[in-house]
Each structure stands twice: as C-alpha cells, then as structure tokens.
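Enquirer: This is the content of model16.cif (mmCIF, C-alpha atoms and all ligand atoms):
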data_start
#
loop_
_atom_site.label_atom_id
_atom_site.label_comp_id
_atom_site.auth_asym_id
_atom_site.auth_seq_id
_atom_site.Cartn_x
_atom_site.Cartn_y
_atom_site.Cartn_z
CA MET A 1387 0.00 0.00 0.00
CA LEU A 1388 1.15 3.56 -0.66
CA ALA A 1389 2.08 5.74 2.28
CA GLY A 1390 -0.93 7.19 4.07
CA SER A 1391 -3.10 5.14 1.79
CA ILE A 1392 -6.42 6.77 1.51
CA PRO A 1393 -8.70 5.37 -1.15
CA LEU A 1394 -6.89 4.65 -4.37
CA PRO A 1395 -6.84 4.39 -7.35
CA LEU A 1396 -6.31 8.06 -7.90
CA THR A 1397 -7.06 9.43 -11.37
CA PHE A 1398 -5.89 12.60 -13.08
CA ILE A 1399 -5.64 14.04 -16.58
CA HIS A 1400 -2.41 14.97 -18.36
CA ILE A 1401 -2.63 17.50 -21.19
CA THR A 1402 0.06 19.61 -22.84
CA ASP A 1403 1.19 22.03 -25.55
CA SER A 1404 -1.97 23.96 -26.38
CA HIS A 1405 -0.12 26.97 -27.90
CA LEU A 1406 -3.16 29.23 -27.65
CA GLY A 1407 -3.32 32.51 -29.55
CA PRO A 1408 -4.63 35.75 -28.05
CA THR A 1409 -8.35 34.91 -28.39
CA PRO A 1410 -10.46 31.76 -28.87
CA ASP A 1411 -10.81 32.73 -32.56
CA SER A 1412 -7.06 33.07 -33.20
CA LEU A 1413 -5.57 30.89 -35.90
CA VAL A 1414 -1.99 29.59 -35.80
CA HIS A 1415 -0.87 28.38 -39.22
CA TYR A 1416 -4.60 28.14 -40.16
CA TYR A 1417 -5.25 25.94 -37.10
CA ASN A 1418 -7.50 26.97 -34.22
CA PRO A 1419 -5.93 25.53 -31.04
CA ALA A 1420 -8.66 26.99 -28.80
CA ALA A 1421 -11.31 25.05 -30.73
CA ALA A 1422 -9.24 21.87 -30.33
CA LEU A 1423 -8.88 22.57 -26.61
CA THR A 1424 -12.63 23.19 -26.26
CA ALA A 1425 -13.36 19.83 -27.94
CA THR A 1426 -10.84 18.19 -25.59
CA VAL A 1427 -12.42 19.71 -22.49
CA GLU A 1428 -15.86 18.54 -23.67
CA ASP A 1429 -14.47 15.02 -24.18
CA ILE A 1430 -12.99 15.10 -20.68
CA ALA A 1431 -16.40 16.14 -19.32
CA ARG A 1432 -17.94 13.07 -20.97
CA ARG A 1433 -15.24 10.53 -20.00
CA ALA A 1434 -13.39 11.74 -16.94
CA SER A 1435 -15.38 14.30 -14.99
CA ASP A 1436 -14.60 12.53 -11.71
CA ALA A 1437 -10.81 12.82 -12.09
CA SER A 1438 -9.00 14.40 -9.17
CA PHE A 1439 -7.28 17.09 -11.20
CA LEU A 1440 -5.88 18.14 -14.57
CA ILE A 1441 -2.23 19.09 -15.15
CA HIS A 1442 -1.02 20.98 -18.26
CA THR A 1443 2.75 20.58 -18.81
CA GLY A 1444 3.68 23.71 -20.68
CA ASP A 1445 3.41 25.76 -23.85
CA LEU A 1446 -0.05 27.02 -22.96
CA ALA A 1447 0.44 30.23 -24.96
CA ARG A 1448 1.48 30.26 -28.59
CA ASN A 1449 4.92 31.62 -27.70
CA SER A 1450 6.60 33.83 -25.12
CA ARG A 1451 5.56 36.95 -27.10
CA THR A 1452 1.84 36.03 -26.92
CA PRO A 1453 0.97 36.40 -23.23
CA GLU A 1454 -2.66 37.09 -24.17
CA GLY A 1455 -2.83 33.32 -24.64
CA TYR A 1456 -3.14 33.05 -20.84
CA GLU A 1457 -6.38 35.06 -20.90
CA CYS A 1458 -7.54 32.84 -23.77
CA ALA A 1459 -6.80 29.80 -21.57
CA ARG A 1460 -8.79 31.36 -18.74
CA VAL A 1461 -11.81 31.64 -21.08
CA VAL A 1462 -11.53 28.20 -22.73
CA TYR A 1463 -10.99 26.32 -19.45
CA GLY A 1464 -13.41 28.55 -17.55
CA LEU A 1465 -10.69 29.04 -14.93
CA GLN A 1466 -11.85 30.45 -11.62
CA GLY A 1467 -10.32 31.10 -8.24
CA ARG A 1468 -7.00 32.44 -7.07
CA ALA A 1469 -3.91 30.47 -6.16
CA GLY A 1470 -0.16 30.69 -6.31
CA ALA A 1471 1.71 28.60 -8.87
CA PRO A 1472 1.26 25.81 -9.81
CA GLY A 1473 -2.38 25.91 -8.66
CA PRO A 1474 -4.91 24.64 -8.27
CA LEU A 1475 -7.27 26.94 -10.06
CA THR A 1476 -10.73 25.54 -10.73
CA MET A 1477 -11.73 24.73 -14.31
CA THR A 1478 -15.46 25.09 -14.91
CA ALA A 1479 -15.90 24.76 -18.70
CA ALA A 1480 -18.31 22.06 -19.97
CA GLY A 1481 -19.89 21.81 -16.54
CA LEU A 1482 -16.69 20.54 -14.92
CA ARG A 1483 -15.35 21.44 -11.51
CA LEU A 1484 -11.80 20.20 -11.68
CA ASP A 1485 -8.59 21.32 -9.99
CA TRP A 1486 -6.22 22.76 -12.63
CA TYR A 1487 -2.42 22.80 -12.29
CA TYR A 1488 0.30 24.15 -14.57
CA VAL A 1489 4.05 23.90 -15.19
CA PRO A 1490 5.50 26.04 -18.04
CA GLY A 1491 7.54 25.13 -21.12
CA ASN A 1492 9.91 26.87 -23.50
CA SER A 1493 7.08 28.85 -25.18
CA ASP A 1494 5.93 30.38 -21.89
CA HIS A 1495 6.76 33.76 -20.43
CA ARG A 1496 6.87 32.82 -16.75
CA ALA A 1497 6.36 36.28 -15.27
CA GLN A 1498 3.39 36.92 -17.58
CA CYS A 1499 1.95 33.48 -16.81
CA LEU A 1500 2.24 34.15 -13.09
CA SER A 1501 0.65 37.60 -13.24
CA ARG A 1502 -2.16 36.69 -15.66
CA LEU A 1503 -3.21 33.33 -14.20
CA PHE A 1504 -1.84 33.03 -10.67
CA CYS A 1505 -1.21 35.16 -7.61
CA PRO A 1506 2.46 36.07 -7.82
CA ARG A 1507 4.02 35.90 -4.38
CA GLU A 1508 6.62 38.45 -3.40
CA GLY A 1509 10.13 37.06 -3.40
CA ILE A 1510 9.08 33.71 -4.86
CA ASP A 1511 11.20 32.20 -7.65
CA TYR A 1512 9.62 32.77 -11.08
CA ARG A 1513 10.19 29.11 -11.91
CA PHE A 1514 7.40 26.64 -11.17
CA ASN A 1515 9.19 24.18 -8.88
CA HIS A 1516 6.66 22.98 -6.33
CA THR A 1517 5.18 19.90 -4.68
CA TRP A 1518 1.81 18.94 -3.29
CA GLN A 1519 0.29 15.84 -1.71
CA GLN A 1520 -2.92 14.10 -2.63
CA ASP A 1521 -4.27 10.72 -1.56
CA GLY A 1522 -0.90 9.35 -0.45
CA VAL A 1523 0.96 10.48 -3.59
CA ARG A 1524 3.33 13.43 -3.88
CA PHE A 1525 3.19 15.45 -7.11
CA LEU A 1526 6.15 17.57 -8.20
CA THR A 1527 6.36 20.22 -10.93
CA LEU A 1528 9.90 20.48 -12.32
CA ASP A 1529 10.68 23.66 -14.25
CA TRP A 1530 14.15 24.05 -15.76
CA GLY A 1531 13.28 27.64 -16.63
CA ALA A 1532 13.98 27.76 -20.38
CA CYS A 1533 11.98 30.64 -21.81
CA GLY A 1534 11.75 31.65 -25.46
CA SER A 1535 14.30 29.06 -26.44
CA ASP A 1536 14.31 25.37 -27.21
CA GLU A 1537 17.51 24.96 -25.24
CA TYR A 1538 17.38 23.99 -21.62
CA THR A 1539 19.97 23.15 -19.05
CA LEU A 1540 20.05 21.45 -15.68
CA GLU A 1541 20.48 24.67 -13.72
CA PRO A 1542 22.47 23.80 -10.57
CA ASP A 1543 20.01 25.30 -8.08
CA VAL A 1544 17.05 23.47 -9.66
CA PHE A 1545 19.01 20.23 -9.73
CA ASP A 1546 19.89 20.67 -6.05
CA TRP A 1547 16.25 21.45 -5.19
CA LEU A 1548 15.13 18.29 -7.02
CA ALA A 1549 17.80 16.22 -5.29
CA ARG A 1550 16.56 17.45 -1.89
CA GLN A 1551 12.95 16.72 -2.80
CA LEU A 1552 13.74 13.20 -4.00
CA ARG A 1553 15.46 12.31 -0.74
CA VAL A 1554 11.94 12.01 0.66
CA ARG A 1555 10.96 8.37 0.13
CA GLU A 1556 7.35 8.83 -0.91
CA PRO A 1557 5.65 7.74 -4.11
CA THR A 1558 6.21 10.75 -6.34
CA VAL A 1559 4.95 11.75 -9.79
CA ILE A 1560 7.01 14.36 -11.71
CA PHE A 1561 5.43 16.79 -14.19
CA THR A 1562 7.84 18.64 -16.48
CA HIS A 1563 7.90 20.10 -19.97
CA HIS A 1564 10.99 18.71 -21.66
CA PRO A 1565 11.43 14.94 -21.90
CA PRO A 1566 14.00 13.74 -19.35
CA VAL A 1567 15.06 11.09 -21.88
CA HIS A 1568 16.16 10.98 -25.49
CA VAL A 1569 13.25 10.05 -27.73
CA GLY A 1570 15.29 9.15 -30.81
CA VAL A 1571 14.43 12.21 -32.89
CA GLU A 1572 17.41 14.45 -33.63
CA PHE A 1573 15.70 17.84 -33.58
CA ILE A 1574 14.18 17.07 -30.18
CA ASP A 1575 17.14 15.27 -28.61
CA ARG A 1576 19.72 17.92 -29.54
CA ASP A 1577 18.07 20.30 -27.03
CA THR A 1578 18.53 18.02 -24.05
CA PRO A 1579 21.39 18.81 -21.70
CA ALA A 1580 24.68 17.03 -22.12
CA ASP A 1581 24.49 15.83 -18.52
CA LEU A 1582 21.06 14.24 -18.85
CA PRO A 1583 22.38 11.04 -17.18
CA ARG A 1584 22.72 13.01 -13.89
CA LEU A 1585 19.00 13.65 -13.92
CA GLN A 1586 18.19 10.09 -14.88
CA ASP A 1587 20.42 8.71 -12.10
CA LEU A 1588 18.72 10.95 -9.59
CA ILE A 1589 15.26 9.83 -10.70
CA SER A 1590 16.08 6.13 -11.00
CA GLU A 1591 17.45 6.05 -7.43
CA SER A 1592 14.37 7.79 -6.00
CA SER A 1593 10.82 6.75 -5.16
CA VAL A 1594 9.43 8.38 -8.31
CA ILE A 1595 6.68 6.20 -9.79
CA ALA A 1596 6.15 8.07 -13.09
CA VAL A 1597 7.20 11.13 -15.09
CA PHE A 1598 4.91 13.07 -17.45
CA HIS A 1599 6.22 15.53 -20.04
CA GLY A 1600 5.22 17.61 -23.05
CA HIS A 1601 7.32 19.35 -25.73
CA THR A 1602 7.43 16.52 -28.27
CA HIS A 1603 3.86 17.20 -29.54
CA HIS A 1604 3.65 13.43 -30.15
CA ALA A 1605 2.87 10.72 -27.61
CA TRP A 1606 5.85 8.76 -26.32
CA GLU A 1607 6.48 6.08 -23.72
CA ASN A 1608 9.97 5.57 -22.37
CA ARG A 1609 11.56 4.38 -19.14
CA ILE A 1610 14.24 5.55 -16.76
CA GLY A 1611 15.19 2.22 -15.22
CA ASP A 1612 11.84 0.79 -14.15
CA ILE A 1613 10.12 4.17 -14.00
CA PRO A 1614 7.66 4.93 -16.82
CA VAL A 1615 8.05 8.22 -18.67
CA PHE A 1616 4.93 9.36 -20.53
CA GLY A 1617 4.85 12.07 -23.19
CA THR A 1618 1.45 13.16 -24.46
CA GLY A 1619 0.56 14.55 -27.88
CA SER A 1620 -0.27 18.22 -28.24
CA ILE A 1621 -3.56 20.05 -28.43
CA THR A 1622 -2.16 22.14 -31.27
CA PHE A 1623 -0.80 20.77 -34.56
CA ARG A 1624 2.33 18.60 -34.59
CA GLU A 1625 5.64 18.89 -36.36
CA ASN A 1626 6.42 16.09 -38.79
CA LEU A 1627 9.13 14.05 -37.06
CA SER A 1628 11.15 13.56 -40.25
CA ARG A 1629 10.69 17.08 -41.60
CA PRO A 1630 9.92 19.43 -38.69
CA GLU A 1631 9.27 22.34 -41.06
CA LEU A 1632 6.06 20.50 -42.04
CA ARG A 1633 2.98 20.56 -39.79
CA GLU A 1634 0.53 17.73 -39.27
CA ILE A 1635 -3.09 17.95 -38.22
CA ALA A 1636 -4.02 15.15 -35.81
CA PRO A 1637 -6.67 14.68 -33.13
CA PRO A 1638 -5.68 16.39 -29.88
CA GLN A 1639 -4.81 14.02 -27.05
CA TYR A 1640 -4.88 13.67 -23.32
CA ARG A 1641 -3.96 10.87 -20.95
CA LEU A 1642 -6.37 9.64 -18.30
CA VAL A 1643 -3.96 8.47 -15.61
CA THR A 1644 -4.66 6.00 -12.83
CA VAL A 1645 -2.32 5.45 -9.88
CA GLN A 1646 -3.06 1.99 -8.56
CA ASP A 1647 -2.93 0.91 -4.94
CA ASP A 1648 0.53 -0.67 -5.42
CA GLY A 1649 1.96 2.47 -7.10
CA ALA A 1650 1.60 1.17 -10.66
CA VAL A 1651 0.66 3.92 -13.11
CA ASP A 1652 -1.65 3.34 -16.06
CA ALA A 1653 -1.90 6.19 -18.57
CA PRO A 1654 -3.77 5.42 -21.81
CA VAL A 1655 -3.91 8.10 -24.49
CA HIS A 1656 -7.35 9.37 -25.49
CA HIS A 1657 -7.74 10.86 -28.94
CA VAL A 1658 -10.44 13.49 -29.17
CA PRO A 1659 -12.90 12.46 -31.89
CA GLY A 1660 -14.11 14.85 -34.55
CA CYS A 1661 -11.03 17.11 -34.52
FE FE B 1 5.16 22.97 -27.69
#
Please lay out the structure from this file as structure tokens.

Expert:
Amino acid sequence: MLAGSIPLPLTFIHITDSHLGPTPDSLVHYYNPAAALTATVEDIARRASDASFLIHTGDLARNSRTPEGYECARVVYGLQGRAGAPGPLTMTAAGLRLDWYYVPGNSDHRAQCLSRLFCPREGIDYRFNHTWQQDGVRFLTLDWGACGSDEYTLEPDVFDWLARQLRVREPTVIFTHHPPVHVGVEFIDRDTPADLPRLQDLISESSVIAVFHGHTHHAWENRIGDIPVFGTGSITFRENLSRPELREIAPPQYRLVTVQDDGAVDAPVHHVPGC
C-alpha cells in the first residue's frame, strides 16, 4: 500500500502544448488551437469528470511573445479562483469542476503566466518548482526555466532542489515540460542537456513512480530504469518528425492516468474524436 493510503486508485488528466493565440478565434498556421482545446475539455467532461485534477505541462500560450494566450486559456478552461503557482485553479468549462495545475515550457513567459493566471508571491522564484500531496501520492512540478528558447539546461540550483525533494521516500509523480530522456528524434534530442544522465540517475534512485512531459507534440512512452516516462501529444498541430518544417493535423490528445494501490501507473492516451 502507498504511504498514508487513503482510497486509491487516484485518477488525473495529463494535457500539454496547447499553444493558444490571443483569443479563442485566433488561428496559428490556419489551425484553431482553442477550438481543439474546447473539444478536448468537452471530451474530458464526458469521460473523466470525476478525475481528481488536470495538469497541463507547458506551452499554454502560442509563444513567449503572446501572453494574451493566458487570458484565452482562462476563457476556454473557464478558470476560476486564485492560487499561487502551480495551482490549483478551478476549471469550470463544460460543466466541470476540476482542480487545474500548470508547469511552463519553452514557449511560456513565466512572469506573464504568473501575473495573468496566478497570484504572484513576493520574493518567490519565477520558476514553477513545487510539490503537493494528494491521496498518499506526492506530485512535483519540475521547471528548468527555459523561456523563449528550445535549449534547456540542468540549472544547478534546480538540480539541487530536485535532489533534496527526492530524498523524501514517498511515491512521487514528476510533471515537467521537456522529456527527461532521449526520444530518438534528432531535432528534439539535440536540445537536451549534455548531462542528462545526472537527472536520470537521480530519478532512477528515488521513489518516483512516473514522469509526465510535453514538448514533443507526439505521444511517447519511455523508461528511466523501471520508472515509466509518458509524453502526451499536443492540443495544437504537430511537427512532422522527419521534416519538422512541415505541420501535421491530428486529433488532440490527453492521458487519463490511474495510480493503482501498489503504485503502478496506467496512462492510456485518449484521442479526441471529430477534430
Ligand atoms: Fe510545444
């Protein structure tokens, strides 16, 4: 049984890379990401309204120069309430009442995200490195802090913070934007830090039970040792993996995640029909 085991299984929703424009009508390369997100939220209301929470792992706004995308997100999700990062806010669209958490990616402007969606707290780091507990599981948002760039590095203070957090031997789920593994695609893997093995060693020696990431815009499943690493496809269009200058239209995705009583994590991908 997991520590403090209150009724499990626990379910939550993983969603990522919406890349919203300034308004729900905004097109990005002739694609309307807000419409795709609305269809996704409606599908979640039909299939998973009793989930414990939803987590979005970055690239909520189109890019770091489009902070109006955060107001667009507020409208599309029907976000209500006030909280510090990473949440929860309450999403109310499609009749839902679901806790909503966020960790940014390379397309986010962190200060704008904080001021437009959350309650910025004086003297608090602009990066979204936080933990919270729910039903015997600890959830951790890991933010390397890359903004407006596809490059990211294992900043020493973030690495040290993570190392301290992972000394706590509790079942832990990590949410982060960049994949903490190589996925076998050159234009994605070249952005990962040279010392990626340090991060993987830290995770594999910890009590982490799963990692969820975005950034790839395609679904992926990898492992760090025995620990599953789940990437989820984007809400917005996807880059062609062989020719990234080409865009592909595909149904938006989310994962409906279940944490079983023994700590096993099941995370099937749901494709939103009709998109
Ligand atoms: Fe993205």

Enquirer: Report the closest atom pair, with its distance in Å rounded to one decimal, for each residue of stretch 1499-1535 of chain A that has an atom no farther than 12 Å from stretch 1460-1476 of chain A; count only C-alpha atoms, sort by chain and then rising residue number, and write it as a tab-separated table.

Expert:
residue	atom	partner	partner_atom	distance
A:Cys1499	CA	A:Ala1471	CA	9.3
A:Leu1500	CA	A:Ala1471	CA	7.0
A:Ser1501	CA	A:Gly1470	CA	9.8
A:Arg1502	CA	A:Arg1460	CA	9.0
A:Leu1503	CA	A:Arg1460	CA	7.5
A:Phe1504	CA	A:Gly1470	CA	5.2
A:Cys1505	CA	A:Gly1470	CA	4.8
A:Pro1506	CA	A:Gly1470	CA	6.2
A:Arg1507	CA	A:Gly1470	CA	7.0
A:Glu1508	CA	A:Gly1470	CA	10.7
A:Ile1510	CA	A:Ala1471	CA	9.8
A:Asp1511	CA	A:Ala1471	CA	10.2
A:Tyr1512	CA	A:Ala1471	CA	9.2
A:Arg1513	CA	A:Ala1471	CA	9.0
A:Phe1514	CA	A:Pro1472	CA	6.3
A:Asn1515	CA	A:Pro1472	CA	8.1
A:His1516	CA	A:Pro1472	CA	7.0
A:Thr1517	CA	A:Pro1472	CA	8.8
A:Trp1518	CA	A:Pro1472	CA	9.5
A:Phe1525	CA	A:Pro1472	CA	10.9
A:Leu1526	CA	A:Pro1472	CA	9.7
A:Thr1527	CA	A:Pro1472	CA	7.6
A:Leu1528	CA	A:Pro1472	CA	10.5
A:Asp1529	CA	A:Pro1472	CA	10.6

Enquirer: Give, as AutoDock Vina command-line options, the centre coordinates and the x, y and z edge lengths in Å to one decimal for an axis-aligned box around all listed atoms of stretch 1639-1648 of chain A, padded by 5 Å on each side.

Expert:
--center_x -2.9 --center_y 6.7 --center_z -16.0 --size_x 16.9 --size_y 24.7 --size_z 32.1

Enquirer: Counting all atoms listed in the file, select every polymer residue within 8 Å of (-0.9, 16.2, -16.3) as defined in the file's coordinates, and provide the selection as a count of residues only.

Expert: 13

Enquirer: Of the residues A:Gly1481, A:Gly1531, A:Gly1600, A:Pro1659, which is the one nearest to A:His1405, using all atoms listed in the file?

Expert: A:Gly1600

Enquirer: Around ligand FE 1 (chain B), out to 10 Å and counting all atoms listed in the file, which residues are there? I want them as number ranges by chain.

Expert: A: 1402-1405, 1443-1449, 1491-1494, 1536, 1563-1564, 1600-1604, 1619-1625

Enquirer: Show me, as a list in words, the residues that have an atom within 9 Å of A:Ser1438 when counting all atoms listed in the file, minus same-chain residues fewer than 4 positions from it.

Expert: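 Neighbouring residues, sequence-local ones excluded: Leu1396, Thr1397, Phe1398, Ile1399, Leu1484, Asp1485 and Gln1520 of chain A.
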
Enquirer: With C-alpha atoms kept, could you save the residues just selected as a short mmCIF file (atom, residue, chain, number, x, y, z; two decimals), keeping the file's coordinate frame?

Expert:
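Result file follows (selection_38.cif):
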data_model
loop_
_atom_site.label_atom_id
_atom_site.label_comp_id
_atom_site.auth_asym_id
_atom_site.auth_seq_id
_atom_site.Cartn_x
_atom_site.Cartn_y
_atom_site.Cartn_z
CA LEU A 1396 -6.31 8.06 -7.90
CA THR A 1397 -7.06 9.43 -11.37
CA PHE A 1398 -5.89 12.60 -13.08
CA ILE A 1399 -5.64 14.04 -16.58
CA LEU A 1484 -11.80 20.20 -11.68
CA ASP A 1485 -8.59 21.32 -9.99
CA GLN A 1520 -2.92 14.10 -2.63
#

Enquirer: Kindly extract all protein, DNA and RNA residues lying within 9 Å of the coordinates (14.4, 9.1, -8.4) given in the file, considering only C-alpha atoms, and supply them as an NGL selection string.

Expert: :A and (1549 or 1552-1553 or 1558 or 1585-1595 or 1613)

Enquirer: Measuring atom to atom with all atoms listed in the file, identify which of A:Val1567, A:Pro1637, A:Pro1419, A:Asp1577 is nearest to A:Pro1614.

Expert: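 When distances to A:Pro1614 are compared using all atoms listed in the file, the smallest one comes from A:Val1567.
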
Enquirer: Quick one: pull the distance between atom CA of A:Leu1482 and atom CA of A:Arg1432, Å, one decimal.

Expert: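 If I compute the distance from atom CA of A:Leu1482 to atom CA of A:Arg1432, I get 9.7 Å.
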
Enquirer: Rounded to one decimal in Å, what is the spacing between atom CA of A:Thr1409 and atom CA of A:Cys1458?

Expert: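 The value is 5.1 Å.
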
Enquirer: Report, in Å with one decimal, the straight-line distance from atom CA of A:Asn1418 to atom CA of A:Cys1661.

Expert: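 About the pair atom CA of A:Asn1418 and atom CA of A:Cys1661: they are 10.5 Å apart.
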
Enquirer: Would you please work out which residue, of A:Ile1610, A:Val1523, A:Val1554, A:Ile1635, is nearest to A:Tyr1416 when using all atoms listed in the file?

Expert: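 The shortest atom-to-atom distance to A:Tyr1416 comes from A:Ile1635.
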
Enquirer: Find, counting only C-alpha atoms, the residue in A:Val1645, A:Trp1606, A:Arg1629, A:Arg1584 that gets nearest to A:Glu1572.

Expert: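 Nearest candidate to A:Glu1572 out of A:Val1645, A:Trp1606, A:Arg1629, A:Arg1584: A:Arg1629.
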